[in-house]
Amino acid sequence: MVRNNGRFTGVCHGTVGEIIQGPFHMHRNISISVISLHARKYSWVHFMNSGCDNIEHVAKKKPRCMKAIDLYGALHKTDRPKGEWSFYSELATGKGMSSSTADIVSTIRCLDKINGRVTDEQSVSKILKGIERSDSVFMNSYALYLSDRQQTVRTFRSRPQLHCYYIDEGGRIETESTYELLLMHYRKKLHQYNLNLDSTIKAFDKRDYKKLTECATQSAILSQDVLPKRNLDSFLNYKEHFKADGVFVAHTGTLIGYLYARNPLETMVADVAAFARSLGHQIQYTQAGF
C-alpha cells in the first residue's frame with residue numbers, strides 16, 4: 001500500500017480539438033455540441049497538508065480552480081482544505097486543448113482524494129456549469145456533449161484510437177468570446193452541420209473509423225467560414241499525398257492536423273514533419289482515444 005503522507009494529486013487529460021463541433025437542437029434552441037479528440041496530454045493538480053496555506057495564490061493565478069474548490073465545498077458540504085496547492089499542465093492555453101477544463105477537473109479529483117470520495121459525472125457537469133463552457137474531458141468515453149449546457153446527449157461504445165499529427169498556428173483564442181459568433185454561423189449552415197452530425201453518429205455506431213475521419217474533415221471545412229485556419233487548404237491539398245485519413249482542427253483554438261486510423265511509418269511521419277516545416281511550423285504528435 002502506498003501512503004500519501006498528506007500529499008494528494010488529481011489528473012485529467014486534455015484534447016487536441018474536436019472530431020466535430022456544431023449545432024444541436026435542444027427545446028427549439030441551438031446549443032453548441034462537440035465530440036472531443038481526447039489526447040494523452042495531461043493537467044495535474046497537487047495538494048500537500050502543510051503549514052503553508054497558499055489559497056490566495058490559487059485565487060489570483062487559477063481563479064477558475066478557486067471557484068471549483070468553493071463549488072465543490074458547497075456541493076459536498078466540505079471546508080476548504082488548508083495546505084499548499086501546486087499546478088502543472090502539458091496543455092497550452094488558448095489553443096483548443098481544454099486546458100482550463102482539465103485544470104478544473106483535476107482540482108475536483110484532487111479534492112476527491114483529500115476527502116476520500118468520487119464525484120460523479122453529473123456533479124462534475126454541475127460544477128463546470130457554474131464556471132465555464134467546456135467539453136467532456138472528465139468522461140472516459142467519446143460523447144456528444146453540449147458545451148454551453150454542460151449536458152451529455154449520448155456516449156459512444158466504440159473507442160477508436162486515432163493518431164494526430166498537428167501544428168499550432170500561433171496566437172490564442174478565448175472560447176467564451178466566440179459563443180455568439182458560432183451561433184450565427186451555425187444558423188447559416190444548419191443543414192450541412194446536421195448532415196455531418198448524422199454521419200458522425202452513424203460512423204461511431206458502425207465503428208467505421210475511416211468515415212469518422214471524413215466527418216472530422218467536413219467539420220473542419222465548415223468551421224473555416226467562422227474561425228478560419230490559415231493552413232487548412234494546404235492540409236487538404238496534401239491529405240492524399242500523405243495518406244492521411246482526415247483533417248482535424250481545434251474549432252475554437254489554433255491547432256490543425258492530420259488524423260490517421262493507423263499510425264503511419266516513420267518515413268511518412270518525416271515527410272509530414274517536413275511539410276509542416278515548409279509552412280513554418282513544427283509537427284507535434286499525440287494519440288487520441290481511450
# chains A, B, ... in the order shown; residues from 1 in each chain; ligands from 1

$ residues_around --residues "segment 76-91 of chain A" --least-positions-apart "3" --cutoff "8 Å" --atoms "only C-alpha atoms" --output "list in words"
Gly14, Lys41, Tyr42, Ser43, Trp44, Val45, His46, Phe47, Met48, Asn49, Ser50, Gly51, Cys52, Asp53, Asn54, Ile55, Val58, Ile69, Asp70, Tyr72, Gly73, Met97, Ser98, Ser99 and Asp103 of chain A

$ residues_around --residues "segment 167-171 of chain A" --least-positions-apart "2" --cutoff "9 Å" --atoms "only C-alpha atoms" --output "PDB file with all heavy atoms, in the first residue's frame"
ATOM      1  N   GLY A  94      -5.530  28.661 -24.591  1.00  0.00           N
ATOM      2  CA  GLY A  94      -5.964  29.400 -25.761  1.00  0.00           C
ATOM      3  C   GLY A  94      -5.754  28.674 -27.074  1.00  0.00           C
ATOM      4  O   GLY A  94      -5.863  29.282 -28.145  1.00  0.00           O
ATOM      5  N   LYS A  95      -5.455  27.370 -27.021  1.00  0.00           N
ATOM      6  CA  LYS A  95      -5.146  26.598 -28.225  1.00  0.00           C
ATOM      7  C   LYS A  95      -6.256  25.634 -28.622  1.00  0.00           C
ATOM      8  O   LYS A  95      -6.204  25.041 -29.692  1.00  0.00           O
ATOM      9  CB  LYS A  95      -3.860  25.799 -28.017  1.00  0.00           C
ATOM     10  CG  LYS A  95      -2.658  26.628 -27.605  1.00  0.00           C
ATOM     11  CD  LYS A  95      -2.260  27.599 -28.698  1.00  0.00           C
ATOM     12  CE  LYS A  95      -1.004  28.379 -28.347  1.00  0.00           C
ATOM     13  NZ  LYS A  95      -0.668  29.349 -29.417  1.00  0.00           N
ATOM     14  N   TYR A 165      -1.272  14.140 -35.967  1.00  0.00           N
ATOM     15  CA  TYR A 165      -0.054  14.893 -36.283  1.00  0.00           C
ATOM     16  C   TYR A 165      -0.495  16.314 -36.627  1.00  0.00           C
ATOM     17  O   TYR A 165      -1.227  16.515 -37.606  1.00  0.00           O
ATOM     18  CB  TYR A 165       0.696  14.236 -37.446  1.00  0.00           C
ATOM     19  CG  TYR A 165       1.320  12.923 -37.053  1.00  0.00           C
ATOM     20  CD1 TYR A 165       0.604  11.735 -37.158  1.00  0.00           C
ATOM     21  CD2 TYR A 165       2.612  12.872 -36.531  1.00  0.00           C
ATOM     22  CE1 TYR A 165       1.165  10.527 -36.774  1.00  0.00           C
ATOM     23  CE2 TYR A 165       3.188  11.672 -36.143  1.00  0.00           C
ATOM     24  CZ  TYR A 165       2.466  10.512 -36.260  1.00  0.00           C
ATOM     25  OH  TYR A 165       3.025   9.305 -35.867  1.00  0.00           O
ATOM     26  N   ILE A 173      -7.058  31.908 -28.699  1.00  0.00           N
ATOM     27  CA  ILE A 173      -8.484  32.182 -28.861  1.00  0.00           C
ATOM     28  C   ILE A 173      -9.171  31.953 -27.519  1.00  0.00           C
ATOM     29  O   ILE A 173      -9.004  30.891 -26.906  1.00  0.00           O
ATOM     30  CB  ILE A 173      -9.108  31.290 -29.946  1.00  0.00           C
ATOM     31  CG1 ILE A 173      -8.530  31.636 -31.316  1.00  0.00           C
ATOM     32  CG2 ILE A 173     -10.633  31.443 -29.959  1.00  0.00           C
ATOM     33  CD1 ILE A 173      -9.062  30.787 -32.445  1.00  0.00           C
ATOM     34  N   LYS A 229      -8.629  28.585 -40.288  1.00  0.00           N
ATOM     35  CA  LYS A 229      -7.244  28.188 -40.094  1.00  0.00           C
ATOM     36  C   LYS A 229      -6.459  28.573 -41.353  1.00  0.00           C
ATOM     37  O   LYS A 229      -6.873  28.243 -42.474  1.00  0.00           O
ATOM     38  CB  LYS A 229      -7.140  26.675 -39.857  1.00  0.00           C
ATOM     39  CG  LYS A 229      -7.920  26.188 -38.630  1.00  0.00           C
ATOM     40  CD  LYS A 229      -7.367  26.762 -37.346  1.00  0.00           C
ATOM     41  CE  LYS A 229      -8.085  26.204 -36.120  1.00  0.00           C
ATOM     42  NZ  LYS A 229      -9.433  26.792 -35.926  1.00  0.00           N
ATOM     43  N   ARG A 230      -5.341  29.233 -41.174  1.00  0.00           N
ATOM     44  CA  ARG A 230      -4.559  29.720 -42.314  1.00  0.00           C
ATOM     45  C   ARG A 230      -4.082  28.583 -43.213  1.00  0.00           C
ATOM     46  O   ARG A 230      -3.937  28.757 -44.423  1.00  0.00           O
ATOM     47  CB  ARG A 230      -3.340  30.515 -41.824  1.00  0.00           C
ATOM     48  CG  ARG A 230      -3.676  31.816 -41.130  1.00  0.00           C
ATOM     49  CD  ARG A 230      -2.415  32.639 -40.892  1.00  0.00           C
ATOM     50  NE  ARG A 230      -1.427  31.927 -40.097  1.00  0.00           N
ATOM     51  CZ  ARG A 230      -1.434  31.895 -38.766  1.00  0.00           C
ATOM     52  NH1 ARG A 230      -2.379  32.528 -38.086  1.00  0.00           N
ATOM     53  NH2 ARG A 230      -0.492  31.232 -38.110  1.00  0.00           N
ATOM     54  N   ASN A 231      -3.824  27.422 -42.620  1.00  0.00           N
ATOM     55  CA  ASN A 231      -3.201  26.332 -43.367  1.00  0.00           C
ATOM     56  C   ASN A 231      -4.168  25.223 -43.770  1.00  0.00           C
ATOM     57  O   ASN A 231      -3.726  24.161 -44.211  1.00  0.00           O
ATOM     58  CB  ASN A 231      -2.061  25.737 -42.540  1.00  0.00           C
ATOM     59  CG  ASN A 231      -0.944  26.745 -42.303  1.00  0.00           C
ATOM     60  OD1 ASN A 231      -0.196  27.074 -43.213  1.00  0.00           O
ATOM     61  ND2 ASN A 231      -0.848  27.249 -41.085  1.00  0.00           N
ATOM     62  N   GLY A 253      -9.791  27.055 -31.405  1.00  0.00           N
ATOM     63  CA  GLY A 253      -8.398  27.068 -30.986  1.00  0.00           C
ATOM     64  C   GLY A 253      -7.499  27.330 -32.174  1.00  0.00           C
ATOM     65  O   GLY A 253      -7.931  27.863 -33.200  1.00  0.00           O
ATOM     66  N   THR A 254      -6.244  26.918 -32.071  1.00  0.00           N
ATOM     67  CA  THR A 254      -5.243  27.255 -33.080  1.00  0.00           C
ATOM     68  C   THR A 254      -4.545  26.028 -33.661  1.00  0.00           C
ATOM     69  O   THR A 254      -3.515  26.155 -34.307  1.00  0.00           O
ATOM     70  CB  THR A 254      -4.183  28.195 -32.469  1.00  0.00           C
ATOM     71  OG1 THR A 254      -3.489  27.500 -31.422  1.00  0.00           O
ATOM     72  CG2 THR A 254      -4.819  29.457 -31.905  1.00  0.00           C
ATOM     73  N   LEU A 255      -5.095  24.834 -33.440  1.00  0.00           N
ATOM     74  CA  LEU A 255      -4.467  23.601 -33.898  1.00  0.00           C
ATOM     75  C   LEU A 255      -5.123  23.090 -35.176  1.00  0.00           C
ATOM     76  O   LEU A 255      -6.340  23.203 -35.358  1.00  0.00           O
ATOM     77  CB  LEU A 255      -4.562  22.513 -32.828  1.00  0.00           C
ATOM     78  CG  LEU A 255      -4.116  22.863 -31.413  1.00  0.00           C
ATOM     79  CD1 LEU A 255      -4.257  21.644 -30.512  1.00  0.00           C
ATOM     80  CD2 LEU A 255      -2.696  23.391 -31.388  1.00  0.00           C
ATOM     81  N   ILE A 256      -4.305  22.517 -36.052  1.00  0.00           N
ATOM     82  CA  ILE A 256      -4.793  21.839 -37.248  1.00  0.00           C
ATOM     83  C   ILE A 256      -3.846  20.697 -37.552  1.00  0.00           C
ATOM     84  O   ILE A 256      -2.628  20.813 -37.360  1.00  0.00           O
ATOM     85  CB  ILE A 256      -4.895  22.800 -38.449  1.00  0.00           C
ATOM     86  CG1 ILE A 256      -5.333  22.042 -39.721  1.00  0.00           C
ATOM     87  CG2 ILE A 256      -3.593  23.551 -38.699  1.00  0.00           C
ATOM     88  CD1 ILE A 256      -5.655  22.946 -40.896  1.00  0.00           C
ATOM     89  N   GLY A 257      -4.410  19.571 -38.009  1.00  0.00           N
ATOM     90  CA  GLY A 257      -3.529  18.442 -38.262  1.00  0.00           C
ATOM     91  C   GLY A 257      -4.188  17.320 -39.034  1.00  0.00           C
ATOM     92  O   GLY A 257      -5.347  17.413 -39.455  1.00  0.00           O
ATOM     93  N   ALA A 276       5.184  20.307 -42.615  1.00  0.00           N
ATOM     94  CA  ALA A 276       4.859  21.297 -41.580  1.00  0.00           C
ATOM     95  C   ALA A 276       5.943  22.361 -41.483  1.00  0.00           C
ATOM     96  O   ALA A 276       5.646  23.561 -41.340  1.00  0.00           O
ATOM     97  CB  ALA A 276       4.676  20.602 -40.229  1.00  0.00           C
ATOM     98  N   HIS A 281       6.185  25.641 -39.325  1.00  0.00           N
ATOM     99  CA  HIS A 281       5.727  25.093 -38.047  1.00  0.00           C
ATOM    100  C   HIS A 281       6.410  23.767 -37.740  1.00  0.00           C
ATOM    101  O   HIS A 281       6.895  23.072 -38.641  1.00  0.00           O
ATOM    102  CB  HIS A 281       4.211  24.888 -38.065  1.00  0.00           C
ATOM    103  CG  HIS A 281       3.430  26.150 -38.241  1.00  0.00           C
ATOM    104  ND1 HIS A 281       3.199  27.025 -37.217  1.00  0.00           N
ATOM    105  CD2 HIS A 281       2.844  26.681 -39.353  1.00  0.00           C
ATOM    106  CE1 HIS A 281       2.486  28.049 -37.677  1.00  0.00           C
ATOM    107  NE2 HIS A 281       2.266  27.865 -38.960  1.00  0.00           N
ATOM    108  N   GLN A 282       6.423  23.406 -36.467  1.00  0.00           N
ATOM    109  CA  GLN A 282       6.940  22.122 -36.005  1.00  0.00           C
ATOM    110  C   GLN A 282       5.771  21.152 -35.838  1.00  0.00           C
ATOM    111  O   GLN A 282       4.774  21.482 -35.196  1.00  0.00           O
ATOM    112  CB  GLN A 282       7.677  22.277 -34.672  1.00  0.00           C
ATOM    113  CG  GLN A 282       8.103  20.969 -34.026  1.00  0.00           C
ATOM    114  CD  GLN A 282       9.060  20.173 -34.893  1.00  0.00           C
ATOM    115  OE1 GLN A 282      10.013  20.728 -35.451  1.00  0.00           O
ATOM    116  NE2 GLN A 282       8.824  18.876 -35.029  1.00  0.00           N
ATOM    117  N   ILE A 283       5.920  19.969 -36.417  1.00  0.00           N
ATOM    118  CA  ILE A 283       4.874  18.962 -36.244  1.00  0.00           C
ATOM    119  C   ILE A 283       4.889  18.452 -34.798  1.00  0.00           C
ATOM    120  O   ILE A 283       5.956  18.368 -34.159  1.00  0.00           O
ATOM    121  CB  ILE A 283       5.064  17.789 -37.236  1.00  0.00           C
ATOM    122  CG1 ILE A 283       3.746  17.048 -37.469  1.00  0.00           C
ATOM    123  CG2 ILE A 283       6.139  16.817 -36.761  1.00  0.00           C
ATOM    124  CD1 ILE A 283       2.744  17.815 -38.264  1.00  0.00           C
ATOM    125  N   GLN A 284       3.704  18.155 -34.268  1.00  0.00           N
ATOM    126  CA  GLN A 284       3.554  17.566 -32.939  1.00  0.00           C
ATOM    127  C   GLN A 284       2.668  16.333 -33.076  1.00  0.00           C
ATOM    128  O   GLN A 284       1.903  16.193 -34.031  1.00  0.00           O
ATOM    129  CB  GLN A 284       2.937  18.564 -31.971  1.00  0.00           C
ATOM    130  CG  GLN A 284       3.765  19.829 -31.782  1.00  0.00           C
ATOM    131  CD  GLN A 284       3.141  20.786 -30.786  1.00  0.00           C
ATOM    132  OE1 GLN A 284       2.970  20.450 -29.621  1.00  0.00           O
ATOM    133  NE2 GLN A 284       2.803  21.980 -31.247  1.00  0.00           N
ATOM    134  N   TYR A 285       2.768  15.440 -32.079  1.00  0.00           N
ATOM    135  CA  TYR A 285       2.023  14.182 -32.131  1.00  0.00           C
ATOM    136  C   TYR A 285       1.379  13.885 -30.799  1.00  0.00           C
ATOM    137  O   TYR A 285       1.931  14.128 -29.733  1.00  0.00           O
ATOM    138  CB  TYR A 285       2.940  13.010 -32.497  1.00  0.00           C
ATOM    139  CG  TYR A 285       2.278  11.656 -32.285  1.00  0.00           C
ATOM    140  CD1 TYR A 285       1.375  11.172 -33.224  1.00  0.00           C
ATOM    141  CD2 TYR A 285       2.518  10.901 -31.137  1.00  0.00           C
ATOM    142  CE1 TYR A 285       0.738   9.954 -33.041  1.00  0.00           C
ATOM    143  CE2 TYR A 285       1.874   9.677 -30.937  1.00  0.00           C
ATOM    144  CZ  TYR A 285       0.988   9.217 -31.892  1.00  0.00           C
ATOM    145  OH  TYR A 285       0.343   8.023 -31.699  1.00  0.00           O
TER     146      TYR A 285
END

$ select_by_dssp --residues "segment 20-120 of chain A" --states "alpha helix (DSSP H)" --output "PyMOL selection string"
chain A and resi 55-61+63-76+99-115

$ residues_around --residues "segment 29-40 of chain A" --least-positions-apart "5" --cutoff "8 Å" --atoms "only C-alpha atoms" --output "number ranges by chain"
A: 13-24, 135-137, 142-149, 183, 286-290

$ atom_distance --atom1 "atom CA of Leu227 of chain A" --atom2 "atom CA of Val269 of chain A"
27.5 Å

$ residues_around --residues "Cys215 of chain A" --least-positions-apart "4" --cutoff "12 Å" --atoms "only C-alpha atoms" --output "VMD selection string"
chain A and resid 18 to 22 35 192 to 204 208 to 211 219 to 222 245 to 249 259

$ write_last_selection --atoms "C-alpha atoms" --output "short mmCIF file (atom, residue, chain, number, x, y, z; two decimals), in the first residue's frame"
data_model
loop_
_atom_site.label_atom_id
_atom_site.label_comp_id
_atom_site.auth_asym_id
_atom_site.auth_seq_id
_atom_site.Cartn_x
_atom_site.Cartn_y
_atom_site.Cartn_z
CA GLU A 18 -12.60 18.01 -31.79
CA ILE A 19 -13.77 15.38 -34.23
CA ILE A 20 -16.73 17.66 -34.84
CA GLN A 21 -18.17 20.85 -33.39
CA GLY A 22 -21.52 22.24 -34.45
CA ILE A 35 -17.22 15.37 -29.83
CA GLN A 192 -24.79 20.96 -43.69
CA TYR A 193 -23.97 20.63 -39.99
CA ASN A 194 -26.99 18.39 -39.35
CA LEU A 195 -26.00 16.06 -42.18
CA ASN A 196 -22.44 15.82 -40.84
CA LEU A 197 -23.64 15.16 -37.28
CA ASP A 198 -25.88 12.32 -38.52
CA SER A 199 -22.97 10.84 -40.48
CA THR A 200 -20.67 11.09 -37.44
CA ILE A 201 -23.12 9.28 -35.17
CA LYS A 202 -23.60 6.51 -37.74
CA ALA A 203 -19.81 6.19 -38.15
CA PHE A 204 -19.40 5.72 -34.39
CA ASP A 208 -16.48 2.99 -39.40
CA TYR A 209 -13.41 4.98 -38.39
CA LYS A 210 -12.48 5.92 -41.95
CA LYS A 211 -15.88 7.60 -42.29
CA SER A 219 -16.37 19.77 -39.77
CA ALA A 220 -13.00 21.48 -40.26
CA ILE A 221 -14.15 22.77 -43.65
CA LEU A 222 -17.46 24.04 -42.27
CA ASP A 245 -7.49 9.55 -43.28
CA GLY A 246 -8.71 13.01 -42.32
CA VAL A 247 -8.00 16.57 -41.26
CA PHE A 248 -8.99 17.87 -37.83
CA VAL A 249 -8.92 21.25 -36.11
CA LEU A 259 -5.83 12.09 -38.50
#

$ atom_distance --atom1 "atom CA of Ala102 of chain A" --atom2 "atom CA of Cys12 of chain A"
5.4 Å

$ select_by_dssp --residues "segment 99-237 of chain A" --states "strand (DSSP E or B)" --output "PDB file with N, CA, C and O atoms, in the first residue's frame"
ATOM      1  N   ALA A 143     -18.140  11.235 -26.440  1.00  0.00           N
ATOM      2  CA  ALA A 143     -19.510  11.653 -26.137  1.00  0.00           C
ATOM      3  C   ALA A 143     -19.896  12.846 -26.990  1.00  0.00           C
ATOM      4  O   ALA A 143     -19.059  13.696 -27.315  1.00  0.00           O
ATOM      5  N   LEU A 144     -21.167  12.902 -27.349  1.00  0.00           N
ATOM      6  CA  LEU A 144     -21.738  14.107 -27.942  1.00  0.00           C
ATOM      7  C   LEU A 144     -22.178  14.968 -26.769  1.00  0.00           C
ATOM      8  O   LEU A 144     -23.096  14.598 -26.024  1.00  0.00           O
ATOM      9  N   TYR A 145     -21.501  16.099 -26.595  1.00  0.00           N
ATOM     10  CA  TYR A 145     -21.637  16.899 -25.377  1.00  0.00           C
ATOM     11  C   TYR A 145     -22.011  18.328 -25.735  1.00  0.00           C
ATOM     12  O   TYR A 145     -21.434  18.918 -26.670  1.00  0.00           O
ATOM     13  N   LEU A 146     -22.982  18.884 -25.014  1.00  0.00           N
ATOM     14  CA  LEU A 146     -23.400  20.267 -25.221  1.00  0.00           C
ATOM     15  C   LEU A 146     -22.568  21.157 -24.304  1.00  0.00           C
ATOM     16  O   LEU A 146     -22.759  21.161 -23.079  1.00  0.00           O
ATOM     17  N   GLN A 151     -24.170  19.293 -20.793  1.00  0.00           N
ATOM     18  CA  GLN A 151     -25.106  18.176 -20.838  1.00  0.00           C
ATOM     19  C   GLN A 151     -24.646  17.141 -21.853  1.00  0.00           C
ATOM     20  O   GLN A 151     -24.243  17.484 -22.964  1.00  0.00           O
ATOM     21  N   THR A 152     -24.703  15.876 -21.467  1.00  0.00           N
ATOM     22  CA  THR A 152     -24.352  14.789 -22.370  1.00  0.00           C
ATOM     23  C   THR A 152     -25.577  14.354 -23.147  1.00  0.00           C
ATOM     24  O   THR A 152     -26.593  13.981 -22.550  1.00  0.00           O
ATOM     25  N   VAL A 153     -25.503  14.400 -24.477  1.00  0.00           N
ATOM     26  CA  VAL A 153     -26.592  13.915 -25.310  1.00  0.00           C
ATOM     27  C   VAL A 153     -26.537  12.391 -25.383  1.00  0.00           C
ATOM     28  O   VAL A 153     -27.535  11.707 -25.186  1.00  0.00           O
ATOM     29  N   ARG A 154     -25.340  11.868 -25.674  1.00  0.00           N
ATOM     30  CA  ARG A 154     -25.141  10.421 -25.681  1.00  0.00           C
ATOM     31  C   ARG A 154     -23.656  10.120 -25.662  1.00  0.00           C
ATOM     32  O   ARG A 154     -22.831  10.937 -26.043  1.00  0.00           O
ATOM     33  N   THR A 155     -23.340   8.931 -25.190  1.00  0.00           N
ATOM     34  CA  THR A 155     -21.972   8.428 -25.250  1.00  0.00           C
ATOM     35  C   THR A 155     -21.904   7.350 -26.328  1.00  0.00           C
ATOM     36  O   THR A 155     -22.928   6.841 -26.797  1.00  0.00           O
ATOM     37  N   LEU A 162      -7.025   7.099 -32.445  1.00  0.00           N
ATOM     38  CA  LEU A 162      -6.670   7.905 -33.604  1.00  0.00           C
ATOM     39  C   LEU A 162      -5.321   8.575 -33.374  1.00  0.00           C
ATOM     40  O   LEU A 162      -5.016   8.989 -32.251  1.00  0.00           O
ATOM     41  N   HIS A 163      -4.546   8.679 -34.421  1.00  0.00           N
ATOM     42  CA  HIS A 163      -3.205   9.258 -34.336  1.00  0.00           C
ATOM     43  C   HIS A 163      -3.235  10.659 -34.946  1.00  0.00           C
ATOM     44  O   HIS A 163      -3.683  10.843 -36.083  1.00  0.00           O
ATOM     45  N   CYS A 164      -2.766  11.633 -34.187  1.00  0.00           N
ATOM     46  CA  CYS A 164      -2.904  13.045 -34.551  1.00  0.00           C
ATOM     47  C   CYS A 164      -1.527  13.677 -34.757  1.00  0.00           C
ATOM     48  O   CYS A 164      -0.722  13.739 -33.813  1.00  0.00           O
ATOM     49  N   TYR A 165      -1.272  14.140 -35.967  1.00  0.00           N
ATOM     50  CA  TYR A 165      -0.054  14.893 -36.283  1.00  0.00           C
ATOM     51  C   TYR A 165      -0.495  16.314 -36.627  1.00  0.00           C
ATOM     52  O   TYR A 165      -1.227  16.515 -37.606  1.00  0.00           O
ATOM     53  N   TYR A 166      -0.075  17.275 -35.826  1.00  0.00           N
ATOM     54  CA  TYR A 166      -0.689  18.598 -35.906  1.00  0.00           C
ATOM     55  C   TYR A 166       0.325  19.711 -35.692  1.00  0.00           C
ATOM     56  O   TYR A 166       1.448  19.486 -35.211  1.00  0.00           O
ATOM     57  N   ILE A 167      -0.093  20.915 -36.065  1.00  0.00           N
ATOM     58  CA  ILE A 167       0.692  22.116 -35.809  1.00  0.00           C
ATOM     59  C   ILE A 167      -0.156  23.101 -35.017  1.00  0.00           C
ATOM     60  O   ILE A 167      -1.384  23.022 -35.003  1.00  0.00           O
ATOM     61  N   ASP A 168       0.528  24.010 -34.373  1.00  0.00           N
ATOM     62  CA  ASP A 168      -0.110  25.137 -33.692  1.00  0.00           C
ATOM     63  C   ASP A 168       0.151  26.377 -34.543  1.00  0.00           C
ATOM     64  O   ASP A 168       1.296  26.782 -34.732  1.00  0.00           O
TER      65      ASP A 168
END
